[in-house]
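**Student:** Here you go, work.txt (compact mmCIF, C-alpha atoms):
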```
# COMPACT_ATOMS: atom_id res chain seq x y z
CA MET A 23 -13.22 -6.95 -18.58
CA GLN A 24 -16.78 -6.58 -19.85
CA ILE A 25 -19.65 -5.49 -17.66
CA LEU A 26 -23.41 -5.42 -17.81
CA SER A 27 -25.07 -2.40 -16.24
CA VAL A 28 -28.12 -2.92 -14.07
CA ALA A 29 -29.82 0.09 -12.52
CA THR A 30 -30.82 -0.24 -8.89
CA ARG A 31 -31.61 1.93 -5.90
CA GLN A 32 -29.90 1.58 -2.55
CA ILE A 33 -30.18 3.82 0.45
CA GLY A 34 -27.22 4.24 2.76
CA THR A 35 -26.44 6.39 5.77
CA LYS A 36 -23.86 9.06 6.39
CA PHE A 37 -22.99 10.92 9.54
CA SER A 38 -21.86 14.47 10.14
CA LEU A 39 -19.70 15.11 13.21
CA HIS A 40 -19.92 18.66 14.57
CA SER A 41 -17.59 19.75 17.36
CA ARG A 42 -17.22 22.92 19.38
CA GLN A 43 -13.56 22.27 20.15
CA PRO A 44 -10.56 21.67 17.87
CA LEU A 45 -12.37 19.36 15.44
CA SER A 46 -15.22 21.37 13.97
CA ASN A 47 -17.63 20.89 11.10
CA CYS A 48 -16.11 17.55 10.12
CA LEU A 49 -18.13 15.69 7.47
CA PHE A 50 -17.65 12.02 6.76
CA SER A 51 -19.45 10.97 3.60
CA THR A 52 -19.14 9.28 0.24
CA ALA A 53 -21.53 11.49 -1.69
CA THR A 54 -23.18 14.89 -1.45
CA SER A 55 -26.49 14.71 0.37
CA ARG A 56 -29.70 16.01 -1.15
CA HIS A 57 -31.62 16.03 2.10
CA ALA A 58 -31.66 18.18 5.22
CA THR A 59 -29.97 17.02 8.41
CA THR A 60 -31.84 15.82 11.47
CA PRO A 61 -30.19 15.55 14.92
CA ARG A 62 -30.40 12.00 16.26
CA ARG A 63 -28.22 11.55 19.32
CA THR A 64 -25.39 13.11 21.30
CA SER A 65 -22.02 11.50 21.96
CA HIS A 66 -19.05 12.61 24.01
CA PHE A 67 -15.45 11.83 23.09
CA THR A 68 -12.64 12.27 25.60
CA ASN A 69 -8.92 12.35 24.89
CA THR A 70 -6.11 12.72 27.41
CA ASN A 71 -5.13 16.04 25.86
CA ILE A 72 -8.31 17.44 24.31
CA ASN A 73 -11.98 17.33 25.08
CA ILE A 74 -14.32 16.99 22.14
CA LYS A 75 -18.05 17.43 22.65
CA SER A 76 -20.07 16.60 19.58
CA TYR A 77 -23.43 15.58 18.30
CA ILE A 78 -24.08 13.30 15.38
CA THR A 79 -26.61 14.00 12.67
CA ARG A 80 -27.90 11.44 10.22
CA GLN A 81 -28.45 12.06 6.54
CA THR A 82 -29.71 9.94 3.65
CA VAL A 83 -27.14 9.21 0.97
CA ALA A 84 -28.01 9.57 -2.70
CA THR A 85 -28.93 6.52 -4.78
CA MET A 86 -26.16 4.09 -5.69
CA THR A 87 -25.82 2.30 -9.03
CA LYS A 88 -25.16 -1.41 -9.40
CA ILE A 89 -23.14 -2.92 -12.23
CA THR A 90 -22.41 -6.58 -12.81
CA LEU A 91 -18.96 -7.71 -13.84
CA LYS A 92 -18.95 -10.59 -16.32
CA SER A 93 -15.53 -11.99 -15.52
CA PRO A 94 -15.96 -12.79 -12.70
CA GLU A 95 -19.72 -12.32 -12.55
CA ILE A 96 -19.90 -10.14 -9.43
CA PRO A 97 -22.34 -7.31 -8.58
CA VAL A 98 -20.62 -4.03 -7.74
CA SER A 99 -22.38 -1.05 -6.14
CA LEU A 100 -21.05 2.39 -7.10
CA PRO A 101 -21.69 5.72 -5.33
CA ASP A 102 -22.72 8.89 -7.15
CA GLY A 103 -19.94 10.45 -9.20
CA LEU A 104 -17.98 7.25 -9.86
CA SER A 105 -18.48 5.69 -13.27
CA GLU A 106 -17.95 2.14 -14.49
CA GLU A 107 -15.16 3.32 -16.76
CA GLN A 108 -13.33 5.03 -13.89
CA LEU A 109 -13.59 1.95 -11.70
CA LEU A 110 -12.38 -0.49 -14.34
CA SER A 111 -9.52 1.79 -15.42
CA PHE A 112 -8.23 1.85 -11.82
CA THR A 113 -5.48 -0.77 -12.02
CA PRO A 114 -5.30 -1.45 -8.25
CA PHE A 115 -8.96 -2.57 -8.36
CA THR A 116 -8.61 -4.88 -11.35
CA SER A 117 -5.30 -6.28 -10.04
CA TRP A 118 -6.80 -6.95 -6.60
CA LEU A 119 -9.83 -8.65 -8.16
CA LYS A 120 -7.64 -10.84 -10.38
CA THR A 121 -5.39 -11.89 -7.48
CA LEU A 122 -8.33 -12.63 -5.20
CA SER A 123 -10.05 -14.66 -7.93
CA THR A 124 -6.88 -16.73 -8.38
CA SER A 125 -6.64 -17.37 -4.65
CA LEU A 126 -10.29 -18.37 -4.42
CA SER A 127 -9.91 -20.80 -7.33
CA LEU A 128 -7.11 -22.64 -5.50
CA GLN A 129 -9.65 -23.81 -2.93
CA HIS A 130 -11.19 -26.02 -5.63
CA SER A 131 -8.06 -27.15 -7.49
CA ASN A 132 -5.95 -27.98 -4.45
CA THR A 133 -7.42 -30.79 -2.34
CA GLN A 134 -4.96 -29.92 0.44
CA HIS A 135 -6.27 -26.37 0.71
CA PRO A 136 -7.65 -25.69 4.22
CA PHE A 137 -10.91 -24.38 2.73
CA HIS A 138 -11.34 -27.10 0.08
CA SER A 139 -14.27 -28.81 1.82
CA ASP A 140 -16.28 -25.58 2.15
CA PRO A 141 -14.75 -22.96 -0.16
CA TYR A 142 -15.33 -19.25 0.11
CA ALA A 143 -16.66 -17.16 -2.77
CA LEU A 144 -16.80 -13.46 -3.56
CA GLN A 145 -20.49 -12.51 -3.50
CA SER A 146 -20.49 -8.73 -4.04
CA ILE A 147 -18.44 -5.54 -3.85
CA THR A 148 -19.60 -2.16 -2.56
CA VAL A 149 -17.52 0.95 -3.27
CA GLN A 150 -17.98 3.09 -0.17
CA ALA A 151 -15.69 6.03 -0.95
CA TYR A 152 -13.23 7.27 -3.56
CA ASP A 153 -10.71 10.02 -4.26
CA LEU A 154 -10.01 11.42 -7.71
CA PHE A 155 -6.60 12.62 -8.87
CA GLY A 156 -6.79 15.51 -11.30
CA GLY A 157 -10.57 15.52 -11.08
CA LYS A 158 -11.06 12.35 -13.18
CA ARG A 159 -8.58 9.56 -12.44
CA VAL A 160 -9.28 7.38 -9.40
CA GLY A 161 -6.51 7.59 -6.82
CA PHE A 162 -7.93 5.71 -3.84
CA LEU A 163 -10.91 3.43 -3.25
CA LYS A 164 -12.52 2.17 -0.06
CA ILE A 165 -14.52 -0.98 -0.74
CA GLN A 166 -16.38 -3.68 1.15
CA ALA A 167 -16.09 -7.18 -0.33
CA GLN A 168 -18.57 -9.82 0.78
CA VAL A 169 -16.76 -13.18 0.92
CA THR A 170 -18.73 -16.11 2.34
CA ASN A 171 -18.99 -19.92 2.20
CA ALA A 172 -21.96 -22.29 2.10
CA ALA A 173 -22.08 -22.42 5.91
CA GLY A 174 -22.73 -18.69 6.00
CA GLU A 175 -19.30 -17.89 7.45
CA SER A 176 -17.68 -14.69 6.18
CA LEU A 177 -14.16 -13.29 5.91
CA PRO A 178 -13.28 -9.66 6.77
CA GLY A 179 -13.64 -7.71 3.53
CA ALA A 180 -12.98 -4.02 4.24
CA VAL A 181 -10.28 -2.95 1.76
CA PHE A 182 -8.48 0.32 1.07
CA LEU A 183 -7.19 0.16 -2.51
CA ARG A 184 -4.25 2.41 -3.43
CA GLY A 185 -1.84 0.22 -5.39
CA PRO A 186 1.87 -0.50 -4.96
CA SER A 187 4.69 1.73 -3.79
CA VAL A 188 8.47 1.37 -3.70
CA GLY A 189 10.90 1.79 -0.81
CA MET A 190 14.54 2.77 -1.23
CA LEU A 191 17.49 1.83 0.98
CA VAL A 192 20.26 4.30 0.11
CA ILE A 193 23.57 3.46 1.80
CA LEU A 194 26.53 5.85 1.86
CA VAL A 195 30.05 4.61 2.61
CA PRO A 196 32.90 7.07 3.40
CA ASP A 197 35.54 6.76 0.69
CA ASP A 198 38.33 6.52 3.27
CA ASP A 199 36.82 3.41 4.85
CA ALA A 200 38.93 0.67 3.29
CA GLU A 201 37.07 -2.14 5.08
CA GLU A 202 33.62 -0.84 4.09
CA ASP A 203 32.40 -1.42 7.64
CA GLU A 204 31.16 2.13 8.15
CA ARG A 205 27.81 2.59 6.48
CA TYR A 206 25.15 5.29 6.75
CA VAL A 207 21.52 5.25 5.65
CA LEU A 208 19.47 8.20 4.46
CA LEU A 209 16.03 8.62 6.03
CA THR A 210 13.42 11.23 5.24
CA VAL A 211 11.63 13.14 8.00
CA GLN A 212 8.32 14.57 6.85
CA PRO A 213 4.71 15.18 7.86
CA ARG A 214 2.53 12.05 7.75
CA ILE A 215 -0.96 13.21 8.64
CA PRO A 216 -2.46 9.66 8.67
CA ALA A 217 0.01 8.83 11.47
CA GLY A 218 -0.79 12.09 13.25
CA SER A 219 2.84 13.16 12.84
CA LEU A 220 4.63 16.18 11.41
CA ALA A 221 8.07 14.57 11.72
CA PHE A 222 7.88 10.91 10.71
CA ALA A 223 11.26 9.26 10.05
CA GLU A 224 11.20 6.63 7.29
CA LEU A 225 12.95 5.25 4.23
CA PRO A 226 12.35 7.26 1.05
CA ALA A 227 9.28 5.89 -0.73
CA GLY A 228 6.85 6.70 -3.50
CA MET A 229 3.65 5.50 -5.16
CA VAL A 230 3.89 3.70 -8.46
CA ASP A 231 1.88 5.73 -10.96
CA ASP A 232 -0.34 3.99 -13.48
CA ASP A 233 0.70 6.29 -16.32
CA GLY A 234 1.38 3.63 -18.94
CA GLU A 235 4.85 4.98 -19.74
CA GLU A 236 6.63 2.00 -18.17
CA SER A 237 5.67 -1.57 -17.41
CA GLY A 238 6.80 -4.54 -15.37
CA GLU A 239 9.94 -4.30 -13.28
CA GLY A 240 10.99 -1.20 -15.22
CA LYS A 241 8.06 0.73 -13.76
CA PHE A 242 9.08 -0.07 -10.18
CA ALA A 243 12.79 0.60 -10.72
CA GLY A 244 12.00 3.81 -12.61
CA THR A 245 9.75 5.02 -9.79
CA ALA A 246 12.47 4.24 -7.24
CA ALA A 247 15.06 6.19 -9.24
CA ARG A 248 12.75 9.21 -9.58
CA GLU A 249 11.88 9.20 -5.88
CA ILE A 250 15.55 9.03 -4.90
CA TYR A 251 16.23 12.06 -7.07
CA GLU A 252 13.19 14.03 -5.86
CA GLU A 253 13.59 13.25 -2.16
CA LEU A 254 17.35 12.85 -1.80
CA GLY A 255 18.72 14.85 -4.73
CA ILE A 256 20.80 11.85 -5.90
CA GLU A 257 20.63 10.89 -9.56
CA ILE A 258 20.89 7.11 -9.99
CA PRO A 259 20.09 5.19 -13.19
CA ALA A 260 17.32 2.68 -12.62
CA SER A 261 19.63 -0.04 -13.94
CA GLU A 262 21.98 0.48 -10.97
CA LEU A 263 19.30 -0.22 -8.37
CA VAL A 264 19.20 -3.63 -6.72
CA CYS A 265 15.78 -5.04 -5.80
CA LEU A 266 16.27 -6.77 -2.44
CA SER A 267 12.75 -8.21 -2.60
CA ASP A 268 13.53 -10.02 -5.86
CA LEU A 269 16.85 -11.32 -4.55
CA ALA A 270 15.02 -12.90 -1.62
CA ALA A 271 12.56 -14.71 -3.90
CA THR A 272 13.02 -18.37 -4.77
CA ASP A 273 14.14 -19.35 -8.28
CA GLU A 274 10.71 -20.86 -8.96
CA GLU A 275 8.96 -17.66 -7.97
CA LYS A 276 11.26 -15.53 -10.13
CA ASP A 277 10.58 -17.71 -13.15
CA GLY A 278 6.84 -17.63 -12.49
CA LYS A 279 6.72 -21.42 -12.34
CA GLY A 280 4.15 -23.14 -10.18
CA LYS A 281 4.91 -26.09 -7.97
CA GLU A 282 2.40 -28.33 -9.69
CA GLU A 283 2.76 -32.03 -10.11
CA GLU A 284 3.26 -33.11 -13.69
CA GLY A 285 -0.10 -33.65 -15.38
CA GLY A 286 -2.20 -31.99 -12.69
CA LYS A 287 -2.64 -29.06 -10.32
CA GLU A 288 -2.73 -30.89 -7.00
CA LYS A 289 -0.14 -29.60 -4.54
CA LYS A 290 1.79 -31.65 -2.04
CA GLY A 291 2.12 -30.81 1.61
CA ASP A 292 2.45 -27.11 2.39
CA GLU A 293 4.27 -26.07 -0.79
CA ASP A 294 1.91 -23.15 -1.53
CA GLU A 295 1.84 -21.68 1.98
CA ASP A 296 4.00 -18.66 1.20
CA GLY A 297 1.73 -17.13 -1.42
CA GLU A 298 3.76 -17.95 -4.53
CA GLU A 299 0.94 -20.01 -6.05
CA GLU A 300 -1.53 -17.20 -5.40
CA GLY A 301 0.53 -14.90 -7.59
CA LEU A 302 1.40 -12.42 -4.85
CA PRO A 303 4.30 -10.11 -5.75
CA SER A 304 7.62 -10.56 -3.99
CA ALA A 305 7.22 -7.47 -1.82
CA MET A 306 6.40 -6.31 1.69
CA TYR A 307 2.73 -5.76 2.62
CA PRO A 308 2.66 -3.11 5.39
CA SER A 309 -1.03 -3.59 6.25
CA ALA A 310 -2.42 -6.74 4.62
CA GLY A 311 -5.39 -6.76 6.98
CA GLY A 312 -6.91 -3.68 5.39
CA CYS A 313 -4.92 -2.42 2.38
CA ASP A 314 -3.72 -3.82 -0.95
CA GLU A 315 -0.48 -1.80 -0.94
CA TYR A 316 2.73 -3.78 -1.41
CA VAL A 317 6.25 -2.36 -1.36
CA PRO A 318 9.27 -3.90 -3.12
CA ILE A 319 12.49 -2.69 -1.51
CA TYR A 320 15.30 -1.34 -3.70
CA MET A 321 18.87 -0.63 -2.61
CA HIS A 322 21.75 1.52 -3.80
CA GLU A 323 25.16 1.79 -2.17
CA ARG A 324 27.83 4.29 -3.11
CA ARG A 325 31.09 5.64 -1.77
CA VAL A 326 31.22 9.36 -1.02
CA PRO A 327 33.85 11.77 0.37
CA ARG A 328 33.58 11.80 4.16
CA HIS A 329 33.28 15.57 4.33
CA THR A 330 30.08 15.44 2.26
CA LEU A 331 28.25 13.23 4.78
CA ALA A 332 27.55 16.21 7.01
CA GLU A 333 25.93 18.01 4.08
CA TRP A 334 23.16 15.41 3.95
CA ALA A 335 22.05 15.78 7.54
CA GLY A 336 19.26 18.36 7.83
CA LYS A 337 19.07 19.00 4.09
CA LEU A 338 15.65 20.19 2.90
CA THR A 339 14.27 18.38 -0.16
CA GLY A 340 11.03 17.24 -1.77
CA LEU A 341 8.63 18.67 -4.33
CA ARG A 342 7.22 21.70 -2.53
CA ASP A 343 4.43 22.21 -5.07
CA HIS A 344 3.27 18.64 -4.30
CA GLY A 345 3.04 19.39 -0.59
CA GLU A 346 6.30 17.63 0.28
CA ARG A 347 8.23 19.06 3.24
CA ILE A 348 11.17 16.72 3.65
CA THR A 349 14.24 16.92 5.88
CA LEU A 350 17.01 14.36 5.41
CA LYS A 351 18.42 12.39 8.33
CA LEU A 352 21.66 10.44 8.17
CA VAL A 353 21.89 7.48 10.55
CA PRO A 354 24.55 4.77 11.01
CA MET A 355 23.50 1.44 9.51
CA ARG A 356 23.94 -0.23 12.89
CA ASP A 357 21.27 2.10 14.34
CA LEU A 358 18.68 1.71 11.57
CA TRP A 359 16.66 -0.84 13.57
CA ARG A 360 16.20 1.79 16.30
CA GLU A 361 15.88 4.95 14.20
CA GLY A 362 13.45 3.29 11.78
CA ARG A 363 11.49 1.23 14.29
CA ARG A 364 8.18 2.93 13.40
CA ASP A 365 8.64 2.40 9.66
CA SER A 366 7.82 -1.02 8.20
CA LYS A 367 9.88 -0.22 5.08
CA ALA A 368 13.01 0.42 7.13
CA LEU A 369 12.62 -2.75 9.17
CA ALA A 370 11.88 -4.83 6.06
CA ALA A 371 14.88 -3.35 4.22
CA LEU A 372 17.18 -4.07 7.14
CA ALA A 373 15.95 -7.67 7.45
CA LEU A 374 16.38 -8.26 3.71
CA TRP A 375 19.84 -6.65 3.63
CA GLU A 376 21.12 -8.69 6.57
CA GLY A 377 19.54 -11.95 5.36
CA LEU A 378 20.87 -11.61 1.81
CA ARG A 379 24.37 -10.87 3.13
CA ARG A 380 24.26 -13.97 5.33
CA GLU A 381 23.34 -16.11 2.31
CA GLY A 382 26.04 -14.54 0.15
CA LYS A 383 23.57 -13.02 -2.30
CA LEU A 384 24.70 -9.49 -1.43
CA ARG A 385 28.20 -8.26 -0.77
```
Let me see the structure of the file written as structure tokens.

**Tutor:**
Amino acid sequence: MQILSVATRQIGTKFSLHSRQPLSNCLFSTATSRHATTPRRTSHFTNTNINIKSYITRQTVATMTKITLKSPEIPVSLPDGLSEEQLLSFTPFTSWLKTLSTSLSLQHSNTQHPFHSDPYALQSITVQAYDLFGGKRVGFLKIQAQVTNAAGESLPGAVFLRGPSVGMLVILVPDDDAEEDERYVLLTVQPRIPAGSLAFAELPAGMVDDDGEESGEGKFAGTAAREIYEELGIEIPASELVCLSDLAATDEEKDGKGKEEEGGKEKKGDEDEDGEEEGLPSAMYPSAGGCDEYVPIYMHERRVPRHTLAEWAGKLTGLRDHGERITLKLVPMRDLWREGRRDSKALAALALWEGLRREGKLR
């Protein structure tokens, strides 16, 4: 993707929240300020358990830089410290932009599209915040996309870009269970600061790294196999993992074939309602209203000696030098809906597993 750089100056605002009680000296910003702070107004926040008295100060944010993408031709505003090269090498950004562009184009090509008469268009993108991994590589982006139509109507465009992850459903069956009716699932219990929890029970999961060593389905399966080993201590070849998300996809979606009429692109009825034509991956989106993350669900089932089941419960795992503090929890399959009720991965995995078994696609 080629870009044309255009220098510009934009002034934004950032706020510093200072508190005398548990939350103190918190700074919310996207760039380091070059100006002194000036108190503006006082606010009071009350929680049922803690009282936070704070005052907000306003600061001027450093100049932003605007670049213009050529394909598509969209202006993008970048904060200090984030370069064009870093942005365009961040695969979640370029993948999101490509998918959105495809979806927007369908408004014009499909006369049955609900927005065909007054289509929406991407007008601009503002990068509001970013995190770097290893000091150089972009790990997360917070952006604001302006998407409007000719009538001046807009669509919500706040997006947290982080890229895909994988979820793993690991099922253990006691080797003395001849009927294979007794199944157990391994959950991880670990701190999840975004959820405000130090003991969040969930399916094992991991981010898909954009390291270039693997591609396509191999990258997702390889990530799943590594995460199972790191978090559960079980070594499973990637080739032995079953992708439940792919099994649930239609044959047309698997083959990448559109549902176009011969000789044209016009769709009939509601054939493109499920997102296949938009090119969305066959995966679970845990927060499509604000985040690009999607999670294909993989499964592995194995028979184990019954006496080893107790060894899994309470086992400490995880990469300690990466900040992982993981305790394993073994739950009966019949109780997964209850034990994993807070985890979208667990509920999605259970729904896929039960649905695929009903249709005979999974034994």

**Student:** Skip Arg159 (chain A) itself and residues of its chain fewer than 5 positions away, then list as a VMD selection string all residues within 9 Å of it, counting all atoms listed in the file.

**Tutor:** chain A and resid 108 111 to 112 153 to 154

**Student:** Write out as a PyMOL selection string which residues come within 8 Å of Ile96 (chain A) when counting all atoms listed in the file, dropping same-chain ones fewer than 3 positions away.

**Tutor:** chain A and resi 90-93+144-147

**Student:** Expressed in Å to a single decimal, how great is the separation between CA of Thr330 (chain A) and CA of Glu257 (chain A)?

**Tutor:**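 Computed distance, CA of Thr330 (chain A) to CA of Glu257 (chain A), equals 15.8 Å.
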
**Student:** So how far away is CA of Leu225 (chain A) from CA of Arg379 (chain A), in Å?

**Tutor:**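 Taking CA of Arg379 (chain A) as the start and CA of Leu225 (chain A) as the end point, the length is 19.8 Å.
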
**Student:** Grab the CA of Leu194 (chain A) to CA of Met306 (chain A) distance for me, in Å with one decimal place.

**Tutor:**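 Atom-to-atom, CA of Leu194 (chain A) and CA of Met306 (chain A) are spaced 23.5 Å apart.
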
**Student:** Near Ser123 (chain A), within 12 Å and counting only C-alpha atoms, which residues show up once chain neighbours fewer than 3 positions away are dropped, as a PyMOL selection string?

**Tutor:** chain A and resi 93-96+116-120+126-130+142-145+169+300-301

**Student:** Excluding Leu266 (chain A) and any residue of its chain fewer than 4 positions from it, enumerate the residues within 7 Å of it, using only C-alpha atoms, and give them as JSON, numbers by chain.

**Tutor:** {"A": [270, 319, 320, 321, 374]}

**Student:** Return the single residue from A:Pro308, A:Pro178, A:Pro196, A:Gly255 that is closest to His329 (chain A), with distances computed using only C-alpha atoms.

**Tutor:** A:Pro196

**Student:** Draw an axis-aligned box tight on the listed atoms of region 105-120 of chain A, then pad every side by 8 Å and write out centre and edge lengths in Å to one decimal as JSON.

**Tutor:**
```
{"center_x": -11.9, "center_y": -2.6, "center_z": -11.7, "size_x": 29.2, "size_y": 32.5, "size_z": 26.2}
```

**Student:** Give the answer as one residue: which of A:Leu369, A:Ala180, A:Ala247, A:Leu350 has the shortest atom-to-atom distance to Glu333 (chain A), using only C-alpha atoms?

**Tutor:**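 Ranking A:Leu369, A:Ala180, A:Ala247, A:Leu350 by distance to Glu333 (chain A), first place goes to A:Leu350.
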
**Student:** Looking at all atoms listed in the file, which of A:Arg324, A:Leu209, A:Ala173, A:Gly382 is the one that sits closest to Glu361 (chain A)?

**Tutor:**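 Nearest to Glu361 (chain A): A:Leu209.
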
**Student:** Measuring between all atoms listed in the file, which one of A:Leu302, A:Ala167, A:Ile348, A:Ile215 shows the shortest distance to Glu253 (chain A)?

**Tutor:** A:Ile348

**Student:** Quick one: of A:Ser366, A:Arg380, A:Arg356, A:Gly156, who's nearest to Arg205 (chain A), counting all atoms listed in the file?

**Tutor:**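 Residue with the minimum atom-to-atom distance to Arg205 (chain A): A:Arg356.
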
**Student:** Using only C-alpha atoms, can you tell me which of A:Asp102, A:Glu376, A:Glu175, A:Asp268 comes closest to Gln150 (chain A)?

**Tutor:** A:Asp102
